[in-house]
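What follows is a short report on a single structure.
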Amino acid sequence: MAFSFVQITDHHLGETESQLMRGYATAYAVRKVLRHIAENVGERIDFLITTGDLVNDASEVSYSNFCQMFQLQAVSAAPGPALVTLEGLQAFPMYFLPGNHDDRELFFRYLFADTPPMPLMNVSFQHKGVQFICLDFGAGDDAVAYPETLDYLERSLQAGFPSVILTHHHMVPMGNRWQDDYFLDKEKSEIFWNIATQYQAQILGVLSGHVHTTYEKVKRGIPVFGLRSTAPQVVFLDEPFFCLQPLHYRLVTIQDGILTTRIFEVPL
């Protein structure tokens, strides 16, 4: 059955809506993106997914601000959906992954109070016959392919469902030193891709965040997608360099076993 959803990522919200990140108003930016979603695609999508870094500096106040801003309600077990209400979206289903800036204990306490905190949030959910596999490569800048994460990936794929893999960290190199220093080490990366390759026919795509960059690649026949942040973007240099670029969100449609995407650009 055909359906669509939207991916957003890397919001880096502060302890108040007025708090800035490097002089950048992250709360204003995420509100602008969500308003654009509500006005342009809200009526034809089934849910939202955010692929991590909900807050910038993890604290109880930051997560409280996030929950108040999104007006979270009716939260089920991780990864959701929770129902969010803001900027024209009314009690809208949304799924949440943690990123490297997210403290796992606080993430669970504020978003999924009925779910015991997990050191790694390796979980899955299904929607209209498609399995969404949420993989956690840790709370550090450097992605770590933990054995339990790789094992969870393989066990989930063995179920035989058409699947979308969701991660915070990027699963393919970006081609610049400072971002690829944080990429999975070569040996563990090969294990991830060896598992994925065994089930290539049922993997519809891999969606990630972390690098604040929109890209579309193919690795071993599997589509791999990244996305600009709702926070400041980065450019491909060998040292970190943030810049002001239009914001992106990704509209994803799955129909007849095929995943297609479209990028929407939101001016600052």
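Residues are named by chain letter and number: chains run A, B, ... in the order of the structure tokens, numbers start at 1 in each chain, and ligands are numbered from 1 in the order shown.
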Just want the 12 Å neighbourhood of segment 107-118 of chain A, counted on only C-alpha atoms, with same-chain residues fewer than 2 positions away dropped. Output as a PDB file with N, CA, C and O atoms, in the first residue's frame.
ATOM      1  N   GLY A  52      17.383  12.521  14.880  1.00  0.00           N
ATOM      2  CA  GLY A  52      18.280  12.760  15.997  1.00  0.00           C
ATOM      3  C   GLY A  52      18.817  14.156  16.178  1.00  0.00           C
ATOM      4  O   GLY A  52      18.590  15.061  15.378  1.00  0.00           O
ATOM      5  N   ASP A  53      19.580  14.303  17.291  1.00  0.00           N
ATOM      6  CA  ASP A  53      20.065  15.586  17.779  1.00  0.00           C
ATOM      7  C   ASP A  53      18.895  16.543  18.003  1.00  0.00           C
ATOM      8  O   ASP A  53      18.825  17.633  17.433  1.00  0.00           O
ATOM      9  N   LEU A  54      17.989  16.104  18.870  1.00  0.00           N
ATOM     10  CA  LEU A  54      16.838  16.944  19.197  1.00  0.00           C
ATOM     11  C   LEU A  54      17.286  18.209  19.908  1.00  0.00           C
ATOM     12  O   LEU A  54      16.746  19.294  19.677  1.00  0.00           O
ATOM     13  N   VAL A  55      18.279  18.076  20.796  1.00  0.00           N
ATOM     14  CA  VAL A  55      18.792  19.219  21.546  1.00  0.00           C
ATOM     15  C   VAL A  55      20.283  19.355  21.278  1.00  0.00           C
ATOM     16  O   VAL A  55      20.936  18.432  20.790  1.00  0.00           O
ATOM     17  N   ALA A  58      22.544  18.531  26.007  1.00  0.00           N
ATOM     18  CA  ALA A  58      21.519  17.724  26.675  1.00  0.00           C
ATOM     19  C   ALA A  58      21.381  18.106  28.146  1.00  0.00           C
ATOM     20  O   ALA A  58      22.347  18.069  28.903  1.00  0.00           O
ATOM     21  N   SER A  59      20.187  18.520  28.530  1.00  0.00           N
ATOM     22  CA  SER A  59      19.875  18.831  29.921  1.00  0.00           C
ATOM     23  C   SER A  59      18.383  18.632  30.105  1.00  0.00           C
ATOM     24  O   SER A  59      17.612  18.582  29.131  1.00  0.00           O
ATOM     25  N   GLU A  60      17.960  18.525  31.355  1.00  0.00           N
ATOM     26  CA  GLU A  60      16.527  18.381  31.614  1.00  0.00           C
ATOM     27  C   GLU A  60      15.749  19.571  31.078  1.00  0.00           C
ATOM     28  O   GLU A  60      14.651  19.434  30.535  1.00  0.00           O
ATOM     29  N   VAL A  61      16.335  20.755  31.201  1.00  0.00           N
ATOM     30  CA  VAL A  61      15.647  21.960  30.728  1.00  0.00           C
ATOM     31  C   VAL A  61      15.503  21.934  29.207  1.00  0.00           C
ATOM     32  O   VAL A  61      14.460  22.309  28.659  1.00  0.00           O
ATOM     33  N   SER A  62      16.543  21.474  28.506  1.00  0.00           N
ATOM     34  CA  SER A  62      16.483  21.408  27.045  1.00  0.00           C
ATOM     35  C   SER A  62      15.388  20.462  26.576  1.00  0.00           C
ATOM     36  O   SER A  62      14.608  20.782  25.666  1.00  0.00           O
ATOM     37  N   TYR A  63      15.314  19.272  27.193  1.00  0.00           N
ATOM     38  CA  TYR A  63      14.276  18.317  26.786  1.00  0.00           C
ATOM     39  C   TYR A  63      12.888  18.794  27.182  1.00  0.00           C
ATOM     40  O   TYR A  63      11.909  18.566  26.449  1.00  0.00           O
ATOM     41  N   SER A  64      12.782  19.456  28.308  1.00  0.00           N
ATOM     42  CA  SER A  64      11.491  20.017  28.703  1.00  0.00           C
ATOM     43  C   SER A  64      11.042  21.065  27.690  1.00  0.00           C
ATOM     44  O   SER A  64       9.872  21.106  27.285  1.00  0.00           O
ATOM     45  N   ASN A  65      11.980  21.904  27.249  1.00  0.00           N
ATOM     46  CA  ASN A  65      11.667  22.904  26.233  1.00  0.00           C
ATOM     47  C   ASN A  65      11.239  22.246  24.932  1.00  0.00           C
ATOM     48  O   ASN A  65      10.270  22.670  24.292  1.00  0.00           O
ATOM     49  N   PHE A  66      11.944  21.177  24.535  1.00  0.00           N
ATOM     50  CA  PHE A  66      11.589  20.463  23.305  1.00  0.00           C
ATOM     51  C   PHE A  66      10.161  19.921  23.396  1.00  0.00           C
ATOM     52  O   PHE A  66       9.359  20.108  22.477  1.00  0.00           O
ATOM     53  N   CYS A  67       9.848  19.251  24.501  1.00  0.00           N
ATOM     54  CA  CYS A  67       8.519  18.646  24.653  1.00  0.00           C
ATOM     55  C   CYS A  67       7.419  19.696  24.691  1.00  0.00           C
ATOM     56  O   CYS A  67       6.332  19.503  24.124  1.00  0.00           O
ATOM     57  N   GLN A  68       7.680  20.829  25.342  1.00  0.00           N
ATOM     58  CA  GLN A  68       6.687  21.897  25.385  1.00  0.00           C
ATOM     59  C   GLN A  68       6.490  22.514  24.010  1.00  0.00           C
ATOM     60  O   GLN A  68       5.361  22.800  23.598  1.00  0.00           O
ATOM     61  N   PHE A  70       6.949  21.105  21.062  1.00  0.00           N
ATOM     62  CA  PHE A  70       6.251  20.188  20.167  1.00  0.00           C
ATOM     63  C   PHE A  70       4.912  19.720  20.735  1.00  0.00           C
ATOM     64  O   PHE A  70       4.172  19.004  20.059  1.00  0.00           O
ATOM     65  N   GLN A  71       4.596  20.113  21.967  1.00  0.00           N
ATOM     66  CA  GLN A  71       3.345  19.734  22.634  1.00  0.00           C
ATOM     67  C   GLN A  71       3.099  18.228  22.527  1.00  0.00           C
ATOM     68  O   GLN A  71       2.044  17.775  22.066  1.00  0.00           O
ATOM     69  N   LEU A  72       4.093  17.456  22.952  1.00  0.00           N
ATOM     70  CA  LEU A  72       4.010  16.002  22.862  1.00  0.00           C
ATOM     71  C   LEU A  72       2.865  15.456  23.702  1.00  0.00           C
ATOM     72  O   LEU A  72       2.657  15.868  24.836  1.00  0.00           O
ATOM     73  N   GLN A  73       2.148  14.490  23.136  1.00  0.00           N
ATOM     74  CA  GLN A  73       1.086  13.816  23.866  1.00  0.00           C
ATOM     75  C   GLN A  73       0.918  12.396  23.319  1.00  0.00           C
ATOM     76  O   GLN A  73       1.397  12.070  22.238  1.00  0.00           O
ATOM     77  N   ALA A  74       0.227  11.562  24.095  1.00  0.00           N
ATOM     78  CA  ALA A  74      -0.088  10.186  23.693  1.00  0.00           C
ATOM     79  C   ALA A  74       1.148   9.445  23.216  1.00  0.00           C
ATOM     80  O   ALA A  74       1.155   8.808  22.175  1.00  0.00           O
ATOM     81  N   VAL A  75       2.221   9.525  23.991  1.00  0.00           N
ATOM     82  CA  VAL A  75       3.468   8.907  23.584  1.00  0.00           C
ATOM     83  C   VAL A  75       3.399   7.398  23.813  1.00  0.00           C
ATOM     84  O   VAL A  75       3.065   6.933  24.903  1.00  0.00           O
ATOM     85  N   SER A  76       3.713   6.626  22.771  1.00  0.00           N
ATOM     86  CA  SER A  76       3.780   5.173  22.913  1.00  0.00           C
ATOM     87  C   SER A  76       5.224   4.786  23.201  1.00  0.00           C
ATOM     88  O   SER A  76       6.066   5.629  23.499  1.00  0.00           O
ATOM     89  N   ALA A  77       5.528   3.504  23.132  1.00  0.00           N
ATOM     90  CA  ALA A  77       6.896   3.046  23.339  1.00  0.00           C
ATOM     91  C   ALA A  77       7.810   3.587  22.250  1.00  0.00           C
ATOM     92  O   ALA A  77       7.370   3.916  21.139  1.00  0.00           O
ATOM     93  N   ALA A  78       9.091   3.687  22.566  1.00  0.00           N
ATOM     94  CA  ALA A  78      10.073   4.171  21.598  1.00  0.00           C
ATOM     95  C   ALA A  78      10.071   3.281  20.351  1.00  0.00           C
ATOM     96  O   ALA A  78       9.934   2.072  20.462  1.00  0.00           O
ATOM     97  N   PRO A  79      10.146   3.886  19.162  1.00  0.00           N
ATOM     98  CA  PRO A  79      10.440   5.286  18.843  1.00  0.00           C
ATOM     99  C   PRO A  79       9.214   6.169  18.638  1.00  0.00           C
ATOM    100  O   PRO A  79       9.324   7.262  18.132  1.00  0.00           O
ATOM    101  N   GLY A  80       8.039   5.680  19.036  1.00  0.00           N
ATOM    102  CA  GLY A  80       6.815   6.448  18.864  1.00  0.00           C
ATOM    103  C   GLY A  80       5.757   5.585  18.168  1.00  0.00           C
ATOM    104  O   GLY A  80       5.862   4.356  18.115  1.00  0.00           O
ATOM    105  N   PRO A  81       4.728   6.242  17.602  1.00  0.00           N
ATOM    106  CA  PRO A  81       4.697   7.696  17.446  1.00  0.00           C
ATOM    107  C   PRO A  81       4.170   8.428  18.671  1.00  0.00           C
ATOM    108  O   PRO A  81       3.347   7.909  19.415  1.00  0.00           O
ATOM    109  N   ALA A  82       4.663   9.640  18.828  1.00  0.00           N
ATOM    110  CA  ALA A  82       4.028  10.624  19.693  1.00  0.00           C
ATOM    111  C   ALA A  82       3.156  11.502  18.809  1.00  0.00           C
ATOM    112  O   ALA A  82       3.304  11.513  17.584  1.00  0.00           O
ATOM    113  N   LEU A  83       2.256  12.224  19.425  1.00  0.00           N
ATOM    114  CA  LEU A  83       1.437  13.182  18.691  1.00  0.00           C
ATOM    115  C   LEU A  83       1.969  14.579  18.989  1.00  0.00           C
ATOM    116  O   LEU A  83       2.122  14.951  20.152  1.00  0.00           O
ATOM    117  N   VAL A  84       2.270  15.337  17.935  1.00  0.00           N
ATOM    118  CA  VAL A  84       2.829  16.675  18.104  1.00  0.00           C
ATOM    119  C   VAL A  84       1.862  17.701  17.524  1.00  0.00           C
ATOM    120  O   VAL A  84       1.145  17.426  16.557  1.00  0.00           O
ATOM    121  N   MET A  94       4.555  11.379  15.056  1.00  0.00           N
ATOM    122  CA  MET A  94       5.970  11.656  14.822  1.00  0.00           C
ATOM    123  C   MET A  94       6.816  10.620  15.553  1.00  0.00           C
ATOM    124  O   MET A  94       6.542  10.266  16.706  1.00  0.00           O
ATOM    125  N   TYR A  95       7.847  10.130  14.872  1.00  0.00           N
ATOM    126  CA  TYR A  95       8.797   9.177  15.438  1.00  0.00           C
ATOM    127  C   TYR A  95      10.119   9.889  15.718  1.00  0.00           C
ATOM    128  O   TYR A  95      10.495  10.821  14.993  1.00  0.00           O
ATOM    129  N   PHE A  96      10.843   9.411  16.745  1.00  0.00           N
ATOM    130  CA  PHE A  96      12.053  10.091  17.205  1.00  0.00           C
ATOM    131  C   PHE A  96      13.216   9.116  17.342  1.00  0.00           C
ATOM    132  O   PHE A  96      13.092   8.075  17.993  1.00  0.00           O
ATOM    133  N   LEU A  97      14.359   9.476  16.758  1.00  0.00           N
ATOM    134  CA  LEU A  97      15.620   8.784  17.009  1.00  0.00           C
ATOM    135  C   LEU A  97      16.520   9.705  17.822  1.00  0.00           C
ATOM    136  O   LEU A  97      16.463  10.932  17.650  1.00  0.00           O
ATOM    137  N   PRO A  98      17.372   9.155  18.680  1.00  0.00           N
ATOM    138  CA  PRO A  98      18.373   9.987  19.355  1.00  0.00           C
ATOM    139  C   PRO A  98      19.606  10.166  18.483  1.00  0.00           C
ATOM    140  O   PRO A  98      19.939   9.297  17.661  1.00  0.00           O
ATOM    141  N   GLY A  99      20.293  11.308  18.659  1.00  0.00           N
ATOM    142  CA  GLY A  99      21.551  11.545  17.960  1.00  0.00           C
ATOM    143  C   GLY A  99      22.713  11.581  18.928  1.00  0.00           C
ATOM    144  O   GLY A  99      22.552  11.312  20.126  1.00  0.00           O
ATOM    145  N   ASN A 100      23.866  11.960  18.428  1.00  0.00           N
ATOM    146  CA  ASN A 100      25.052  11.980  19.300  1.00  0.00           C
ATOM    147  C   ASN A 100      24.986  13.096  20.342  1.00  0.00           C
ATOM    148  O   ASN A 100      25.664  13.031  21.364  1.00  0.00           O
ATOM    149  N   HIS A 101      24.160  14.127  20.130  1.00  0.00           N
ATOM    150  CA  HIS A 101      23.989  15.183  21.130  1.00  0.00           C
ATOM    151  C   HIS A 101      22.932  14.818  22.175  1.00  0.00           C
ATOM    152  O   HIS A 101      22.778  15.556  23.149  1.00  0.00           O
ATOM    153  N   ASP A 102      22.224  13.726  21.964  1.00  0.00           N
ATOM    154  CA  ASP A 102      21.134  13.356  22.876  1.00  0.00           C
ATOM    155  C   ASP A 102      21.631  12.432  23.980  1.00  0.00           C
ATOM    156  O   ASP A 102      22.303  11.433  23.709  1.00  0.00           O
ATOM    157  N   ASP A 103      21.276  12.784  25.216  1.00  0.00           N
ATOM    158  CA  ASP A 103      21.543  11.916  26.360  1.00  0.00           C
ATOM    159  C   ASP A 103      20.454  10.852  26.402  1.00  0.00           C
ATOM    160  O   ASP A 103      19.264  11.177  26.462  1.00  0.00           O
ATOM    161  N   ARG A 104      20.853   9.579  26.351  1.00  0.00           N
ATOM    162  CA  ARG A 104      19.860   8.512  26.231  1.00  0.00           C
ATOM    163  C   ARG A 104      18.902   8.479  27.427  1.00  0.00           C
ATOM    164  O   ARG A 104      17.695   8.292  27.259  1.00  0.00           O
ATOM    165  N   GLU A 105      19.398   8.644  28.635  1.00  0.00           N
ATOM    166  CA  GLU A 105      18.528   8.586  29.809  1.00  0.00           C
ATOM    167  C   GLU A 105      17.497   9.713  29.785  1.00  0.00           C
ATOM    168  O   GLU A 105      16.300   9.491  30.013  1.00  0.00           O
ATOM    169  N   LEU A 120      21.416   1.931  24.022  1.00  0.00           N
ATOM    170  CA  LEU A 120      21.350   2.062  22.568  1.00  0.00           C
ATOM    171  C   LEU A 120      19.906   1.810  22.142  1.00  0.00           C
ATOM    172  O   LEU A 120      19.330   0.775  22.493  1.00  0.00           O
ATOM    173  N   MET A 121      19.327   2.733  21.380  1.00  0.00           N
ATOM    174  CA  MET A 121      17.933   2.579  20.987  1.00  0.00           C
ATOM    175  C   MET A 121      17.838   1.851  19.653  1.00  0.00           C
ATOM    176  O   MET A 121      17.621   2.443  18.602  1.00  0.00           O
ATOM    177  N   ASN A 122      18.029   0.546  19.702  1.00  0.00           N
ATOM    178  CA  ASN A 122      17.835  -0.304  18.538  1.00  0.00           C
ATOM    179  C   ASN A 122      16.423  -0.866  18.609  1.00  0.00           C
ATOM    180  O   ASN A 122      16.132  -1.777  19.389  1.00  0.00           O
ATOM    181  N   VAL A 123      15.522  -0.300  17.819  1.00  0.00           N
ATOM    182  CA  VAL A 123      14.107  -0.665  17.852  1.00  0.00           C
ATOM    183  C   VAL A 123      13.568  -0.622  16.426  1.00  0.00           C
ATOM    184  O   VAL A 123      14.249  -0.162  15.500  1.00  0.00           O
ATOM    185  N   ASP A 136      21.120   2.494  16.444  1.00  0.00           N
ATOM    186  CA  ASP A 136      21.816   3.476  17.281  1.00  0.00           C
ATOM    187  C   ASP A 136      23.310   3.155  17.281  1.00  0.00           C
ATOM    188  O   ASP A 136      23.729   2.084  17.716  1.00  0.00           O
ATOM    189  N   GLY A 138      25.481   5.134  18.879  1.00  0.00           N
ATOM    190  CA  GLY A 138      26.076   5.718  20.061  1.00  0.00           C
ATOM    191  C   GLY A 138      25.911   7.214  20.195  1.00  0.00           C
ATOM    192  O   GLY A 138      25.448   7.911  19.299  1.00  0.00           O
ATOM    193  N   ALA A 139      26.345   7.706  21.370  1.00  0.00           N
ATOM    194  CA  ALA A 139      26.185   9.112  21.720  1.00  0.00           C
ATOM    195  C   ALA A 139      27.441   9.926  21.477  1.00  0.00           C
ATOM    196  O   ALA A 139      27.510  11.085  21.870  1.00  0.00           O
ATOM    197  N   GLU A 148      25.760  -5.363  19.365  1.00  0.00           N
ATOM    198  CA  GLU A 148      24.313  -5.496  19.549  1.00  0.00           C
ATOM    199  C   GLU A 148      23.526  -4.745  18.481  1.00  0.00           C
ATOM    200  O   GLU A 148      22.421  -5.159  18.105  1.00  0.00           O
TER     201      GLU A 148
END
Can I get the residues of segment 195-227 of chain A within 10 Å of segment 1-13 of chain A, each with the closest pair of atoms and their distance in Å to one decimal, using only C-alpha atoms, sorted chain first then ascending number, as CSV?
residue,atom,partner,partner_atom,distance
A:Leu207,CA,A:Gln7,CA,8.2
A:Ser208,CA,A:Thr9,CA,8.2
A:Gly209,CA,A:Thr9,CA,5.8
A:His210,CA,A:Asp10,CA,6.6
A:Val211,CA,A:Asp10,CA,8.8
A:His212,CA,A:Asp10,CA,7.2
A:Gly226,CA,A:Thr9,CA,9.3
A:Leu227,CA,A:Thr9,CA,7.0
Next item on the list: From the DSSP assignment of the backbone, select every residue of segment 38-256 of chain A that is helix (DSSP H, G or I), and format the answer as a VMD selection string.
Entry: chain A and resid 38 to 40 42 to 44 60 to 70 104 to 111 147 to 157 177 to 180 186 to 198 200 to 202
Residues just named, written with C-alpha atoms as a CSV table (one decimal), in the first residue's frame:
chain,number,residue,atom,x,y,z
A,38,ALA,CA,2.0,21.6,7.3
A,39,GLU,CA,1.2,24.0,4.5
A,40,ASN,CA,2.6,21.9,1.6
A,42,GLY,CA,0.8,17.8,5.7
A,43,GLU,CA,-2.4,16.4,4.2
A,44,ARG,CA,-0.6,13.7,2.2
A,60,GLU,CA,16.5,18.4,31.6
A,61,VAL,CA,15.6,22.0,30.7
A,62,SER,CA,16.5,21.4,27.0
A,63,TYR,CA,14.3,18.3,26.8
A,64,SER,CA,11.5,20.0,28.7
A,65,ASN,CA,11.7,22.9,26.2
A,66,PHE,CA,11.6,20.5,23.3
A,67,CYS,CA,8.5,18.6,24.7
A,68,GLN,CA,6.7,21.9,25.4
A,69,MET,CA,7.5,23.3,22.0
A,70,PHE,CA,6.3,20.2,20.2
A,104,ARG,CA,19.9,8.5,26.2
A,105,GLU,CA,18.5,8.6,29.8
A,106,LEU,CA,17.0,12.1,29.4
A,107,PHE,CA,15.7,11.3,25.9
A,108,PHE,CA,13.7,8.3,27.3
A,109,ARG,CA,12.6,10.1,30.5
A,110,TYR,CA,11.1,13.0,28.6
A,111,LEU,CA,9.9,11.4,25.4
A,147,PRO,CA,27.8,-5.8,18.1
A,148,GLU,CA,24.3,-5.5,19.5
A,149,THR,CA,23.4,-2.9,16.9
A,150,LEU,CA,24.7,-5.1,14.1
A,151,ASP,CA,23.0,-8.1,15.6
A,152,TYR,CA,19.7,-6.2,15.8
A,153,LEU,CA,20.0,-5.2,12.1
A,154,GLU,CA,20.5,-8.8,11.0
A,155,ARG,CA,17.7,-10.2,13.2
A,156,SER,CA,15.3,-7.5,12.0
A,157,LEU,CA,16.1,-8.2,8.3
A,177,ARG,CA,38.5,14.7,6.5
A,178,TRP,CA,36.7,16.1,9.5
A,179,GLN,CA,33.4,14.4,8.8
A,180,ASP,CA,34.9,11.1,7.7
A,186,LYS,CA,36.5,0.4,8.0
A,187,GLU,CA,36.2,-3.1,9.5
A,188,LYS,CA,32.9,-2.4,11.3
A,189,SER,CA,31.5,-0.5,8.3
A,190,GLU,CA,32.2,-3.6,6.2
A,191,ILE,CA,30.3,-5.7,8.6
A,192,PHE,CA,27.3,-3.4,8.4
A,193,TRP,CA,27.3,-3.4,4.6
A,194,ASN,CA,27.9,-7.1,4.4
A,195,ILE,CA,24.8,-7.7,6.5
A,196,ALA,CA,22.8,-5.1,4.4
A,197,THR,CA,24.1,-6.7,1.1
A,198,GLN,CA,22.7,-10.1,2.1
A,200,GLN,CA,19.6,-5.9,-0.5
A,201,ALA,CA,16.4,-6.9,-2.2
A,202,GLN,CA,14.3,-6.0,0.8
Check: Would you give me, as a VMD selection string, the residues in segment 50-145 of chain A that DSSP reads as strand (DSSP E)?
Finding: chain A and resid 50 82 to 86 89 to 96 123 to 127 130 to 135
Using N, CA, C and O atoms, can you export the residues from the last selection as a tab-separated table (two decimals), in the first residue's frame?
chain	number	residue	atom	x	y	z
A	50	THR	N	12.15	12.21	12.87
A	50	THR	CA	13.36	12.99	13.05
A	50	THR	C	14.50	12.04	13.38
A	50	THR	O	14.35	11.16	14.23
A	82	ALA	N	4.66	9.64	18.83
A	82	ALA	CA	4.03	10.62	19.69
A	82	ALA	C	3.16	11.50	18.81
A	82	ALA	O	3.30	11.51	17.58
A	83	LEU	N	2.26	12.22	19.42
A	83	LEU	CA	1.44	13.18	18.69
A	83	LEU	C	1.97	14.58	18.99
A	83	LEU	O	2.12	14.95	20.15
A	84	VAL	N	2.27	15.34	17.94
A	84	VAL	CA	2.83	16.67	18.10
A	84	VAL	C	1.86	17.70	17.52
A	84	VAL	O	1.14	17.43	16.56
A	85	THR	N	1.86	18.88	18.13
A	85	THR	CA	0.99	19.96	17.67
A	85	THR	C	1.77	21.25	17.65
A	85	THR	O	2.19	21.76	18.70
A	86	LEU	N	2.02	21.77	16.47
A	86	LEU	CA	2.65	23.07	16.30
A	86	LEU	C	2.66	23.46	14.84
A	86	LEU	O	2.66	22.60	13.95
A	89	LEU	N	0.35	21.73	12.36
A	89	LEU	CA	0.21	20.28	12.52
A	89	LEU	C	-0.55	20.03	13.82
A	89	LEU	O	-0.13	20.48	14.88
A	90	GLN	N	-1.64	19.29	13.73
A	90	GLN	CA	-2.50	19.07	14.88
A	90	GLN	C	-2.50	17.59	15.26
A	90	GLN	O	-2.91	16.74	14.47
A	91	ALA	N	-1.98	17.29	16.47
A	91	ALA	CA	-1.93	15.90	16.95
A	91	ALA	C	-1.40	14.98	15.86
A	91	ALA	O	-2.01	13.98	15.50
A	92	PHE	N	-0.23	15.33	15.34
A	92	PHE	CA	0.33	14.65	14.17
A	92	PHE	C	1.34	13.60	14.61
A	92	PHE	O	2.19	13.86	15.46
A	93	PRO	N	1.29	12.37	14.05
A	93	PRO	CA	2.20	11.30	14.48
A	93	PRO	C	3.66	11.61	14.10
A	93	PRO	O	3.94	12.04	12.98
A	94	MET	N	4.55	11.38	15.06
A	94	MET	CA	5.97	11.66	14.82
A	94	MET	C	6.82	10.62	15.55
A	94	MET	O	6.54	10.27	16.71
A	95	TYR	N	7.85	10.13	14.87
A	95	TYR	CA	8.80	9.18	15.44
A	95	TYR	C	10.12	9.89	15.72
A	95	TYR	O	10.49	10.82	14.99
A	96	PHE	N	10.84	9.41	16.74
A	96	PHE	CA	12.05	10.09	17.20
A	96	PHE	C	13.22	9.12	17.34
A	96	PHE	O	13.09	8.07	17.99
A	123	VAL	N	15.52	-0.30	17.82
A	123	VAL	CA	14.11	-0.66	17.85
A	123	VAL	C	13.57	-0.62	16.43
A	123	VAL	O	14.25	-0.16	15.50
A	124	SER	N	12.34	-1.09	16.25
A	124	SER	CA	11.73	-1.03	14.93
A	124	SER	C	10.23	-0.80	15.07
A	124	SER	O	9.65	-1.00	16.14
A	125	PHE	N	9.63	-0.38	13.98
A	125	PHE	CA	8.17	-0.28	13.92
A	125	PHE	C	7.74	-0.61	12.49
A	125	PHE	O	8.56	-0.60	11.56
A	126	GLN	N	6.47	-0.93	12.33
A	126	GLN	CA	5.95	-1.25	11.01
A	126	GLN	C	4.84	-0.29	10.63
A	126	GLN	O	4.08	0.19	11.49
A	127	HIS	N	4.76	-0.02	9.35
A	127	HIS	CA	3.70	0.85	8.83
A	127	HIS	C	3.30	0.34	7.46
A	127	HIS	O	4.13	0.31	6.53
A	130	VAL	N	5.63	-2.17	5.79
A	130	VAL	CA	7.05	-1.81	5.69
A	130	VAL	C	7.64	-1.73	7.09
A	130	VAL	O	7.04	-1.13	7.99
A	131	GLN	N	8.80	-2.34	7.28
A	131	GLN	CA	9.51	-2.31	8.56
A	131	GLN	C	10.51	-1.16	8.56
A	131	GLN	O	11.29	-1.01	7.63
A	132	PHE	N	10.48	-0.37	9.63
A	132	PHE	CA	11.44	0.71	9.83
A	132	PHE	C	12.38	0.29	10.95
A	132	PHE	O	11.95	0.11	12.10
A	133	ILE	N	13.66	0.12	10.61
A	133	ILE	CA	14.65	-0.36	11.56
A	133	ILE	C	15.49	0.83	12.04
A	133	ILE	O	16.21	1.45	11.26
A	134	CYS	N	15.37	1.16	13.32
A	134	CYS	CA	16.07	2.30	13.91
A	134	CYS	C	17.34	1.77	14.58
A	134	CYS	O	17.26	1.00	15.54
A	135	LEU	N	18.49	2.20	14.08
A	135	LEU	CA	19.78	1.71	14.59
A	135	LEU	C	20.51	2.83	15.31
A	135	LEU	O	20.56	3.96	14.83
Notebook entry, point to check: Counting only C-alpha atoms, which of A:Ala231, A:Leu247, A:Ile49, A:Val172 gets nearest to Met21 of chain A?
Noted result: A:Ala231
